[in-house]
>>> print(open('protein-v1.txt').read())   # compact mmCIF, C-alpha atoms
# COMPACT_ATOMS: atom_id res chain seq x y z
CA MET A 1 237.90 81.12 185.83
CA ALA A 2 237.04 83.00 189.00
CA ASP A 3 234.13 80.74 189.87
CA GLN A 4 236.40 77.68 189.82
CA ARG A 5 238.51 78.98 192.69
CA THR A 6 237.00 76.71 195.34
CA ILE A 7 237.44 73.61 193.18
CA GLU A 8 241.01 74.68 192.44
CA ALA A 9 241.72 75.03 196.16
CA LEU A 10 240.22 71.59 196.79
CA ARG A 11 242.32 70.13 194.01
CA ARG A 12 245.50 71.59 195.50
CA ALA A 13 244.57 70.30 198.97
CA LEU A 14 243.90 66.77 197.69
CA SER A 15 247.22 66.70 195.84
CA ARG A 16 248.96 66.83 199.24
CA LEU A 17 247.90 63.21 199.71
CA PRO A 18 250.80 60.82 199.09
CA GLY A 19 250.83 59.40 195.57
CA VAL A 20 248.24 61.87 194.29
CA GLY A 21 249.27 64.11 191.39
CA PRO A 22 247.34 67.09 189.98
CA ARG A 23 245.30 64.95 187.58
CA SER A 24 244.15 62.40 190.16
CA ALA A 25 243.44 65.25 192.57
CA GLN A 26 241.18 66.80 189.94
CA ARG A 27 239.45 63.48 189.31
CA MET A 28 238.92 63.08 193.07
CA ALA A 29 237.51 66.59 193.44
CA PHE A 30 235.09 66.10 190.52
CA HIS A 31 234.09 62.66 191.76
CA LEU A 32 233.34 63.83 195.29
CA LEU A 33 231.37 66.87 194.12
CA GLU A 34 229.46 65.17 191.33
CA ARG A 35 228.99 61.57 192.43
CA ASP A 36 229.75 61.13 196.11
CA ARG A 37 228.91 64.06 198.34
CA GLU A 38 228.10 61.61 201.10
CA GLY A 39 231.65 60.22 200.80
CA ALA A 40 233.02 63.76 200.96
CA ARG A 41 231.05 64.35 204.16
CA LEU A 42 232.44 61.11 205.58
CA ILE A 43 236.01 62.11 204.77
CA ILE A 44 235.53 65.48 206.47
CA ASP A 45 234.03 63.91 209.59
CA THR A 46 236.46 61.02 210.02
CA LEU A 47 239.47 63.22 209.30
CA GLU A 48 238.23 65.79 211.79
CA ARG A 49 237.76 63.10 214.44
CA ALA A 50 241.15 61.52 213.72
CA LEU A 51 242.93 64.88 214.01
CA SER A 52 241.38 65.56 217.39
CA ASP A 53 241.40 62.04 218.89
CA VAL A 54 244.43 60.21 217.53
CA GLY A 55 247.76 60.77 219.23
CA HIS A 56 250.65 58.51 220.11
CA CYS A 57 250.94 55.85 222.78
CA SER A 58 253.37 57.20 225.40
CA ARG A 59 255.08 53.81 225.56
CA CYS A 60 255.28 52.30 222.07
CA ASN A 61 254.79 55.47 220.00
CA ASN A 62 252.08 53.79 217.85
CA PHE A 63 248.94 55.74 216.97
CA SER A 64 246.55 55.56 219.89
CA GLU A 65 243.41 57.24 221.12
CA SER A 66 244.41 56.67 224.72
CA GLU A 67 247.53 57.69 226.66
CA VAL A 68 248.75 54.08 226.65
CA CYS A 69 247.56 51.78 223.85
CA GLU A 70 245.81 48.47 224.25
CA ILE A 71 248.84 46.33 223.53
CA CYS A 72 251.07 48.25 225.95
CA SER A 73 248.48 48.07 228.73
CA SER A 74 247.86 44.34 228.26
CA ALA A 75 249.01 42.22 231.22
CA ARG A 76 249.17 39.09 229.08
CA ARG A 77 252.06 40.23 226.92
CA ASP A 78 255.77 39.70 227.59
CA ALA A 79 257.20 43.10 228.55
CA GLY A 80 260.73 41.72 228.36
CA LEU A 81 260.53 41.38 224.58
CA LEU A 82 260.47 44.52 222.42
CA CYS A 83 259.92 44.40 218.67
CA VAL A 84 260.98 47.60 216.89
CA VAL A 85 259.05 48.24 213.63
CA GLU A 86 259.01 51.13 211.17
CA SER A 87 255.27 51.77 210.91
CA PRO A 88 251.83 50.99 212.36
CA ALA A 89 251.20 48.90 209.21
CA ASP A 90 254.18 46.69 210.10
CA LEU A 91 252.86 46.26 213.63
CA GLU A 92 249.46 45.30 212.22
CA ALA A 93 251.06 42.70 209.96
CA MET A 94 252.81 41.15 212.97
CA GLU A 95 249.61 41.17 215.02
CA LYS A 96 247.64 39.64 212.18
CA ALA A 97 250.15 36.79 211.99
CA GLY A 98 249.14 36.26 215.60
CA PHE A 99 252.14 34.47 217.13
CA TYR A 100 254.07 37.36 218.71
CA GLN A 101 253.39 37.93 222.40
CA GLY A 102 255.88 40.66 223.23
CA MET A 103 255.66 44.46 223.10
CA TYR A 104 256.39 46.87 220.26
CA PHE A 105 258.09 50.13 219.56
CA VAL A 106 256.98 51.99 216.43
CA LEU A 107 259.63 54.30 214.94
CA MET A 108 257.08 56.04 212.66
CA GLY A 109 259.61 56.12 209.85
CA ARG A 110 263.07 54.99 208.86
CA ILE A 111 266.44 56.64 208.41
CA SER A 112 266.38 58.35 205.04
CA PRO A 113 269.27 60.67 204.16
CA LEU A 114 267.43 61.80 201.01
CA ASP A 115 264.44 63.01 203.02
CA GLY A 116 266.66 64.31 205.79
CA VAL A 117 265.35 61.79 208.34
CA SER A 118 267.97 60.76 210.89
CA LEU A 119 267.59 58.51 213.93
CA ASP A 120 266.72 61.51 216.13
CA GLU A 121 263.56 62.18 214.11
CA LEU A 122 262.32 58.68 214.86
CA GLY A 123 261.10 58.94 218.44
CA VAL A 124 264.35 57.42 219.67
CA ALA A 125 264.31 59.55 222.81
CA GLN A 126 261.12 57.76 223.80
CA LEU A 127 262.73 54.41 223.01
CA ARG A 128 265.63 55.26 225.32
CA ILE A 129 263.26 56.02 228.20
CA LEU A 130 261.54 52.68 227.60
CA LEU A 131 264.88 50.85 227.72
CA ASP A 132 266.03 52.79 230.80
CA SER A 133 263.12 51.25 232.73
CA GLY A 134 265.18 48.05 232.70
CA VAL A 135 262.29 45.71 231.89
CA VAL A 136 263.28 44.96 228.30
CA GLN A 137 265.62 42.00 227.93
CA GLU A 138 265.61 41.51 224.17
CA VAL A 139 265.09 43.97 221.34
CA ILE A 140 264.07 42.48 217.99
CA LEU A 141 264.95 44.82 215.14
CA ALA A 142 262.07 44.27 212.71
CA THR A 143 262.66 47.17 210.34
CA ASN A 144 262.19 46.35 206.66
CA LEU A 145 264.83 44.46 204.71
CA THR A 146 265.28 47.48 202.42
CA VAL A 147 268.39 49.65 202.25
CA GLU A 148 266.77 52.25 204.52
CA GLY A 149 265.40 49.63 206.90
CA GLU A 150 268.84 48.01 207.16
CA ALA A 151 270.48 51.38 207.82
CA THR A 152 267.94 52.02 210.56
CA ALA A 153 268.58 48.61 212.13
CA HIS A 154 272.32 49.28 211.99
CA ALA A 155 271.98 52.67 213.70
CA LEU A 156 269.73 51.15 216.37
CA THR A 157 272.30 48.43 217.05
CA GLU A 158 274.87 51.13 217.86
CA LEU A 159 272.38 52.84 220.14
CA LEU A 160 271.57 49.60 222.01
CA ARG A 161 275.16 48.54 222.53
CA GLY A 162 276.48 48.34 226.11
CA ARG A 163 273.07 48.11 227.73
CA GLY A 164 273.28 44.36 228.40
CA ILE A 165 270.23 43.84 226.21
CA THR A 166 270.08 41.04 223.63
CA VAL A 167 269.62 42.58 220.18
CA SER A 168 268.32 40.41 217.35
CA ARG A 169 267.34 40.93 213.73
CA LEU A 170 264.66 39.17 211.63
CA ALA A 171 265.89 36.07 209.80
CA GLN A 172 266.45 36.46 206.07
CA GLY A 173 265.72 33.72 203.56
CA VAL A 174 263.19 32.22 201.23
CA PRO A 175 259.60 33.38 202.04
CA ALA A 176 256.81 30.80 202.50
CA GLY A 177 255.62 29.64 199.09
CA GLY A 178 258.74 31.14 197.54
CA GLU A 179 260.14 29.56 194.38
CA LEU A 180 263.91 29.71 193.98
CA GLU A 181 263.50 30.42 190.26
CA TYR A 182 261.93 33.80 191.00
CA LEU A 183 264.06 34.93 193.94
CA ASP A 184 266.78 37.57 193.72
CA GLY A 185 270.43 36.68 194.30
CA VAL A 186 270.72 38.50 197.63
CA THR A 187 267.81 36.55 199.10
CA LEU A 188 269.27 33.28 197.84
CA GLU A 189 272.64 34.15 199.31
CA HIS A 190 271.07 34.82 202.71
CA ALA A 191 269.01 31.63 202.51
CA LEU A 192 272.14 29.63 201.75
CA SER A 193 274.50 31.20 204.29
CA GLY A 194 271.80 30.95 206.97
CA ARG A 195 271.03 27.28 206.27
CA HIS A 196 270.46 24.98 209.26
CA GLU A 197 271.17 21.31 209.75
CA LEU A 198 268.25 18.86 209.77
CA MET B 1 242.44 46.92 218.25
CA ALA B 2 239.76 49.03 219.85
CA ASP B 3 241.91 52.16 219.93
CA GLN B 4 242.49 51.98 216.18
CA ARG B 5 238.79 52.47 215.40
CA THR B 6 239.08 56.12 214.37
CA ILE B 7 241.99 55.42 212.02
CA GLU B 8 240.07 52.47 210.59
CA ALA B 9 237.06 54.71 209.91
CA LEU B 10 239.31 57.29 208.26
CA ARG B 11 240.91 54.60 206.12
CA ARG B 12 237.50 53.38 204.95
CA ALA B 13 236.40 56.95 204.17
CA LEU B 14 239.54 57.67 202.13
CA SER B 15 239.10 54.48 200.13
CA ARG B 16 235.92 56.00 198.65
CA LEU B 17 238.18 58.27 196.59
CA PRO B 18 238.44 57.06 193.00
CA GLY B 19 241.53 54.95 192.34
CA VAL B 20 242.30 54.53 196.05
CA GLY B 21 242.42 50.96 197.40
CA PRO B 22 242.66 49.92 201.05
CA ARG B 23 246.47 50.04 201.10
CA SER B 24 246.78 53.55 199.63
CA ALA B 25 243.98 54.70 201.94
CA GLN B 26 246.00 53.44 204.90
CA ARG B 27 249.13 55.15 203.63
CA MET B 28 247.17 58.39 203.22
CA ALA B 29 245.69 58.16 206.73
CA PHE B 30 249.10 57.51 208.31
CA HIS B 31 250.71 60.26 206.23
CA LEU B 32 248.11 62.87 207.19
CA LEU B 33 248.20 61.98 210.88
CA GLU B 34 251.96 61.60 211.21
CA ARG B 35 253.47 64.01 208.72
CA ASP B 36 250.91 66.50 207.42
CA ARG B 37 248.23 67.51 209.89
CA GLU B 38 248.22 70.92 208.25
CA GLY B 39 247.37 69.25 204.94
CA ALA B 40 244.60 67.29 206.64
CA ARG B 41 243.18 70.55 208.00
CA LEU B 42 243.35 72.03 204.48
CA ILE B 43 241.50 69.06 202.99
CA ILE B 44 238.75 69.35 205.60
CA ASP B 45 238.34 73.09 205.03
CA THR B 46 238.44 73.13 201.24
CA LEU B 47 236.15 70.10 200.97
CA GLU B 48 233.71 71.70 203.40
CA ARG B 49 233.70 74.92 201.38
CA ALA B 50 233.34 73.10 198.06
CA LEU B 51 230.38 71.08 199.36
CA SER B 52 228.58 74.20 200.47
CA ASP B 53 229.54 76.59 197.65
CA VAL B 54 229.92 74.57 194.47
CA GLY B 55 226.79 73.80 192.51
CA HIS B 56 226.02 73.69 188.80
CA CYS B 57 225.64 76.52 186.31
CA SER B 58 221.95 76.64 185.39
CA ARG B 59 222.86 77.04 181.72
CA CYS B 60 225.89 74.89 180.89
CA ASN B 61 225.71 72.44 183.83
CA ASN B 62 229.42 72.94 184.64
CA PHE B 63 230.49 73.30 188.27
CA SER B 64 229.91 76.87 189.34
CA GLU B 65 229.78 78.91 192.50
CA SER B 66 227.25 81.28 190.99
CA GLU B 67 223.81 80.62 189.46
CA VAL B 68 225.23 81.26 185.97
CA CYS B 69 228.94 80.66 185.41
CA GLU B 70 231.46 83.16 184.05
CA ILE B 71 231.58 81.73 180.54
CA CYS B 72 227.80 81.62 180.20
CA SER B 73 227.42 85.18 181.43
CA SER B 74 230.13 86.55 179.14
CA ALA B 75 228.81 88.88 176.43
CA ARG B 76 231.91 88.33 174.29
CA ARG B 77 231.17 84.72 173.49
CA ASP B 78 229.15 83.36 170.56
CA ALA B 79 225.88 82.05 172.04
CA GLY B 80 224.97 80.46 168.68
CA LEU B 81 227.72 77.87 169.04
CA LEU B 82 227.38 75.14 171.67
CA CYS B 83 230.15 72.67 172.38
CA VAL B 84 229.00 69.57 174.30
CA VAL B 85 231.72 67.98 176.43
CA GLU B 86 231.73 65.10 178.91
CA SER B 87 233.45 66.73 181.87
CA PRO B 88 234.72 70.00 183.38
CA ALA B 89 238.25 68.75 182.64
CA ASP B 90 237.39 68.58 178.91
CA LEU B 91 236.01 72.12 179.03
CA GLU B 92 239.19 73.28 180.73
CA ALA B 93 241.32 71.66 178.03
CA MET B 94 239.34 73.53 175.35
CA GLU B 95 239.64 76.82 177.22
CA LYS B 96 243.36 76.32 177.73
CA ALA B 97 243.81 75.84 173.98
CA GLY B 98 242.26 79.30 173.80
CA PHE B 99 240.74 79.44 170.31
CA TYR B 100 237.10 78.50 171.01
CA GLN B 101 234.75 81.43 171.45
CA GLY B 102 231.37 79.69 171.72
CA MET B 103 229.44 78.32 174.69
CA TYR B 104 229.55 74.91 176.37
CA PHE B 105 227.31 72.26 177.76
CA VAL B 106 228.86 69.84 180.25
CA LEU B 107 227.19 66.42 180.39
CA MET B 108 228.98 65.48 183.63
CA GLY B 109 229.48 61.96 182.37
CA ARG B 110 229.00 59.70 179.39
CA ILE B 111 226.64 56.92 178.45
CA SER B 112 227.89 53.79 180.15
CA PRO B 113 225.67 50.69 180.06
CA LEU B 114 228.04 48.91 182.48
CA ASP B 115 227.57 51.60 185.14
CA GLY B 116 223.90 51.98 184.28
CA VAL B 117 224.32 55.55 182.98
CA SER B 118 221.92 56.39 180.17
CA LEU B 119 221.40 59.71 178.39
CA ASP B 120 218.73 60.73 180.92
CA GLU B 121 221.28 60.73 183.75
CA LEU B 122 223.39 63.26 181.85
CA GLY B 123 221.54 66.52 182.43
CA VAL B 124 219.93 66.19 179.02
CA ALA B 125 216.69 67.79 180.24
CA GLN B 126 218.69 70.96 180.90
CA LEU B 127 220.29 70.71 177.45
CA ARG B 128 216.81 70.52 175.89
CA ILE B 129 215.71 73.72 177.65
CA LEU B 130 218.87 75.43 176.40
CA LEU B 131 218.11 74.36 172.82
CA ASP B 132 214.44 75.32 173.13
CA SER B 133 215.53 78.92 173.66
CA GLY B 134 216.31 78.96 169.92
CA VAL B 135 219.62 80.79 170.19
CA VAL B 136 221.87 77.82 169.43
CA GLN B 137 222.58 77.34 165.73
CA GLU B 138 225.31 74.71 165.84
CA VAL B 139 226.04 71.98 168.34
CA ILE B 140 229.57 70.58 168.30
CA LEU B 141 229.66 67.11 169.82
CA ALA B 142 233.02 67.07 171.60
CA THR B 143 232.62 63.92 173.67
CA ASN B 144 235.71 61.72 173.81
CA LEU B 145 236.69 59.47 170.91
CA THR B 146 236.26 56.43 173.15
CA VAL B 147 233.55 53.78 172.73
CA GLU B 148 231.45 55.41 175.44
CA GLY B 149 232.06 58.92 174.10
CA GLU B 150 231.06 57.82 170.61
CA ALA B 151 227.89 56.17 171.94
CA THR B 152 227.05 59.38 173.76
CA ALA B 153 227.62 61.46 170.62
CA HIS B 154 225.44 59.06 168.66
CA ALA B 155 222.58 59.28 171.16
CA LEU B 156 222.84 63.07 171.22
CA THR B 157 222.63 63.16 167.41
CA GLU B 158 219.28 61.36 167.64
CA LEU B 159 218.10 63.82 170.27
CA LEU B 160 219.12 66.85 168.19
CA ARG B 161 217.55 65.64 164.95
CA GLY B 162 214.68 67.66 163.51
CA ARG B 163 215.49 70.86 165.37
CA GLY B 164 217.04 72.61 162.39
CA ILE B 165 220.33 72.84 164.28
CA THR B 166 223.65 72.01 162.60
CA VAL B 167 225.26 69.11 164.46
CA SER B 168 228.98 68.50 164.06
CA ARG B 169 231.55 66.15 165.51
CA LEU B 170 235.26 66.69 166.23
CA ALA B 171 237.56 65.77 163.34
CA GLN B 172 239.47 62.52 163.73
CA GLY B 173 242.99 62.04 162.48
CA VAL B 174 246.67 62.22 163.35
CA PRO B 175 247.33 64.40 166.43
CA ALA B 176 249.90 67.20 166.29
CA GLY B 177 253.38 65.72 166.58
CA GLY B 178 251.92 62.28 165.84
CA GLU B 179 254.17 59.72 164.17
CA LEU B 180 252.41 57.27 161.84
CA GLU B 181 254.63 54.47 163.09
CA TYR B 182 253.09 54.65 166.55
CA LEU B 183 249.43 55.29 165.65
CA ASP B 184 246.70 52.66 165.87
CA GLY B 185 244.94 51.38 162.76
CA VAL B 186 241.61 53.08 163.50
CA THR B 187 243.24 56.51 163.75
CA LEU B 188 245.16 55.93 160.52
CA GLU B 189 241.96 54.82 158.77
CA HIS B 190 240.18 58.02 159.88
CA ALA B 191 243.15 60.16 158.89
CA LEU B 192 243.18 58.58 155.46
CA SER B 193 239.44 58.63 154.77
CA GLY B 194 239.19 62.23 156.03
CA ARG B 195 242.11 63.45 153.86
CA HIS B 196 241.75 66.84 152.19
CA GLU B 197 243.14 68.13 148.93
CA LEU B 198 245.98 70.64 149.03
>>> encode(input="protein-v1.txt", output="structure tokens")
Amino acid sequence: MADQRTIEALRRALSRLPGVGPRSAQRMAFHLLERDREGARLIIDTLERALSDVGHCSRCNNFSESEVCEICSSARRDAGLLCVVESPADLEAMEKAGFYQGMYFVLMGRISPLDGVSLDELGVAQLRILLDSGVVQEVILATNLTVEGEATAHALTELLRGRGITVSRLAQGVPAGGELEYLDGVTLEHALSGRHEL
Amino acid sequence: MADQRTIEALRRALSRLPGVGPRSAQRMAFHLLERDREGARLIIDTLERALSDVGHCSRCNNFSESEVCEICSSARRDAGLLCVVESPADLEAMEKAGFYQGMYFVLMGRISPLDGVSLDELGVAQLRILLDSGVVQEVILATNLTVEGEATAHALTELLRGRGITVSRLAQGVPAGGELEYLDGVTLEHALSGRHEL
């Protein structure tokens, strides 16, 4: 139908969102047009503002609206400690936990041969510059404990070798509140081999 | 973090989309900003255009970019036959099947006591005007076979009574390719009680 062209274009645009197929995109388009035009307006405005204002911190590579983000410009944080995470969501989780006082580097992704993402795509050049400054004494590899996260940590270890920097990885084991009955074998194996004396 | 305010606003805006919780909204925001700024631009533009150009057909109440939509202004369709559907998606499904030659009326919803939607919210005033024109001879109630769709069909039957218009409802039974083994009892009951002699 010729007079459905605009809705069709909207549907196709919305289906570019991750996890949104053609049917949900249609439902979203209908919902916004029929029930929530105010929400549609809000999406337009916030997206517009984000596109123009949000860039990357020149130090840690996280999203930032300023040249250097708040964490990186804080004088109260330990610049000798650098925690490398995959995404801004991971950084947020660490910050929410509230105990970490060092700096971050956000890769904005992980090595993924299937999607053609190698280490070079992950802002590693920027990481090198950060390390060349000589301030960082320990790098904590806090990529996810998934296959891709592990591969990324492994590749970063190679990259960090020979710089005289301590490189560490997150401990693996039973999570808080975890019940052995429901844990997978790999986790149990790590928990057992990493046991410590009391 | 103060310099995450714009992303936070975008995340909240995206979570107004149906079926999108805070975590998917965050994933969408990160995806658009990091990997698909072109897609973000496209969403802004198409949504903007849809908001300004898409209204409702003054006859059938479907989304339309013109005062009267293409189907309603077609001379080749049977104006005596009116098929009442819940949503534009239902109308599209009928059109795709390709055998129906009558007109439509799109309720843009269904009766839903839980969401506080009664018949009056469903563009029924416009439906009345359409019927008052005297052209429609049969109304086919093609709301969904769900509890809410059935309630809507029931309420519409009341509304149409005494107008000298034939009112019909979609046949219920075994769908094409349906296997009895996997059908629910209600469907089987309808298929059995609606059996026809060969």
>>> closest_residue(input="protein-v1.txt", among="B:Met103, B:Leu159, B:Ala9, B:Arg23", to="Asp45 of chain A", atoms="all atoms listed in the file")
B:Ala9
>>> atom_distance(input="protein-v1.txt", atom1="atom CA of Ala93 of chain B", atom2="atom CA of Gly149 of chain B")
16.2 Å
>>> interface_residues(input="protein-v1.txt", of="chain A", to="chain B", cutoff="9 Å", atoms="all atoms listed in the file", output="PyMOL selection string")
chain A and resi 1-7+9-14+16-19+24+26-34+36-37+39-51+53-55+63-66+69-71+87-89+108
>>> residues_around(input="protein-v1.txt", residues="segment 120-136 of chain A", least_positions_apart="5", cutoff="9 Å", atoms="only C-alpha atoms", output="list in words")
Ser58, Arg59, Cys60, Asn61, Ala79, Gly80, Leu81, Leu82, Phe105, Val106, Leu107, Met108, Gly109, Arg110, Ile111, Leu156, Leu159, Leu160, Arg163 and Ile165 of chain A
>>> atom_distance(input="protein-v1.txt", atom1="atom CA of Val174 of chain B", atom2="atom CA of Gln137 of chain B")
28.5 Å
>>> atom_distance(input="protein-v1.txt", atom1="atom CA of Lys96 of chain B", atom2="atom CA of Ser168 of chain B")
21.3 Å
>>> closest_residue(input="protein-v1.txt", among="B:Thr166, B:Ser193, B:Thr152, B:Thr157", to="Leu119 of chain B", atoms="all atoms listed in the file")
B:Thr152
>>> closest_residue(input="protein-v1.txt", among="A:Leu114, A:Val139, A:Ala176, A:Val147", to="Val84 of chain A", atoms="all atoms listed in the file")
A:Val139
>>> closest_residue(input="protein-v1.txt", among="A:Val117, A:Val85, A:Ala75, A:Ala97", to="Thr143 of chain A", atoms="all atoms listed in the file")
A:Val85
>>> residues_around(input="protein-v1.txt", residues="Leu188 of chain B", least_positions_apart="5", cutoff="10 Å", atoms="all atoms listed in the file", output="list in words")
Gln172, Gly173, Val174, Leu180, Glu181, Leu183, Ser193 and Gly194 of chain B
>>> residues_around(input="protein-v1.txt", residues="Arg77 of chain A", least_positions_apart="3", cutoff="7 Å", atoms="all atoms listed in the file", output="PyMOL selection string")
chain A and resi 74+101-103
>>> decode(input="protein-v1.txt", residues="segment 52-66 of chain B", atoms="N, CA, C and O atoms", output="mmCIF file, in the first residue's frame")
data_model
loop_
_atom_site.group_PDB
_atom_site.id
_atom_site.type_symbol
_atom_site.label_atom_id
_atom_site.label_comp_id
_atom_site.auth_asym_id
_atom_site.auth_seq_id
_atom_site.Cartn_x
_atom_site.Cartn_y
_atom_site.Cartn_z
ATOM 1 N N SER B 52 4.912 13.272 11.752
ATOM 2 C CA SER B 52 4.298 14.415 11.081
ATOM 3 C C SER B 52 3.349 13.987 9.966
ATOM 4 O O SER B 52 2.358 14.649 9.711
ATOM 5 N N ASP B 53 3.622 12.845 9.310
ATOM 6 C CA ASP B 53 2.829 12.496 8.122
ATOM 7 C C ASP B 53 1.728 11.464 8.357
ATOM 8 O O ASP B 53 0.760 11.425 7.604
ATOM 9 N N VAL B 54 1.892 10.608 9.352
ATOM 10 C CA VAL B 54 0.941 9.507 9.482
ATOM 11 C C VAL B 54 -0.215 9.882 10.406
ATOM 12 O O VAL B 54 -0.018 10.213 11.563
ATOM 13 N N GLY B 55 -1.398 9.853 9.860
ATOM 14 C CA GLY B 55 -2.603 10.062 10.656
ATOM 15 C C GLY B 55 -3.520 8.871 10.449
ATOM 16 O O GLY B 55 -3.049 7.774 10.175
ATOM 17 N N HIS B 56 -4.826 9.093 10.564
ATOM 18 C CA HIS B 56 -5.777 8.006 10.374
ATOM 19 C C HIS B 56 -6.680 8.278 9.171
ATOM 20 O O HIS B 56 -7.051 9.421 8.929
ATOM 21 N N CYS B 57 -7.022 7.224 8.467
ATOM 22 C CA CYS B 57 -7.975 7.337 7.366
ATOM 23 C C CYS B 57 -9.325 7.739 7.968
ATOM 24 O O CYS B 57 -9.758 7.156 8.965
ATOM 25 N N SER B 58 -9.974 8.722 7.388
ATOM 26 C CA SER B 58 -11.223 9.229 7.973
ATOM 27 C C SER B 58 -12.376 8.242 7.809
ATOM 28 O O SER B 58 -13.414 8.378 8.433
ATOM 29 N N ARG B 59 -12.195 7.227 6.964
ATOM 30 C CA ARG B 59 -13.223 6.213 6.806
ATOM 31 C C ARG B 59 -12.939 4.977 7.670
ATOM 32 O O ARG B 59 -13.699 4.664 8.583
ATOM 33 N N CYS B 60 -11.803 4.318 7.421
ATOM 34 C CA CYS B 60 -11.563 3.009 8.038
ATOM 35 C C CYS B 60 -10.735 3.084 9.311
ATOM 36 O O CYS B 60 -10.538 2.083 9.980
ATOM 37 N N ASN B 61 -10.223 4.263 9.635
ATOM 38 C CA ASN B 61 -9.463 4.468 10.877
ATOM 39 C C ASN B 61 -8.072 3.843 10.860
ATOM 40 O O ASN B 61 -7.345 3.908 11.848
ATOM 41 N N ASN B 62 -7.668 3.215 9.754
ATOM 42 C CA ASN B 62 -6.317 2.660 9.653
ATOM 43 C C ASN B 62 -5.316 3.810 9.557
ATOM 44 O O ASN B 62 -5.680 4.941 9.244
ATOM 45 N N PHE B 63 -4.031 3.521 9.839
ATOM 46 C CA PHE B 63 -3.008 4.524 9.615
ATOM 47 C C PHE B 63 -3.041 4.922 8.147
ATOM 48 O O PHE B 63 -3.214 4.065 7.267
ATOM 49 N N SER B 64 -2.864 6.188 7.880
ATOM 50 C CA SER B 64 -2.848 6.624 6.491
ATOM 51 C C SER B 64 -2.129 7.955 6.396
ATOM 52 O O SER B 64 -2.148 8.757 7.327
ATOM 53 N N GLU B 65 -1.466 8.160 5.251
ATOM 54 C CA GLU B 65 -0.804 9.438 5.052
ATOM 55 C C GLU B 65 -1.697 10.396 4.289
ATOM 56 O O GLU B 65 -1.374 11.566 4.120
ATOM 57 N N SER B 66 -2.839 9.882 3.802
ATOM 58 C CA SER B 66 -3.789 10.766 3.138
ATOM 59 C C SER B 66 -5.104 10.752 3.921
ATOM 60 O O SER B 66 -5.322 9.889 4.763
#
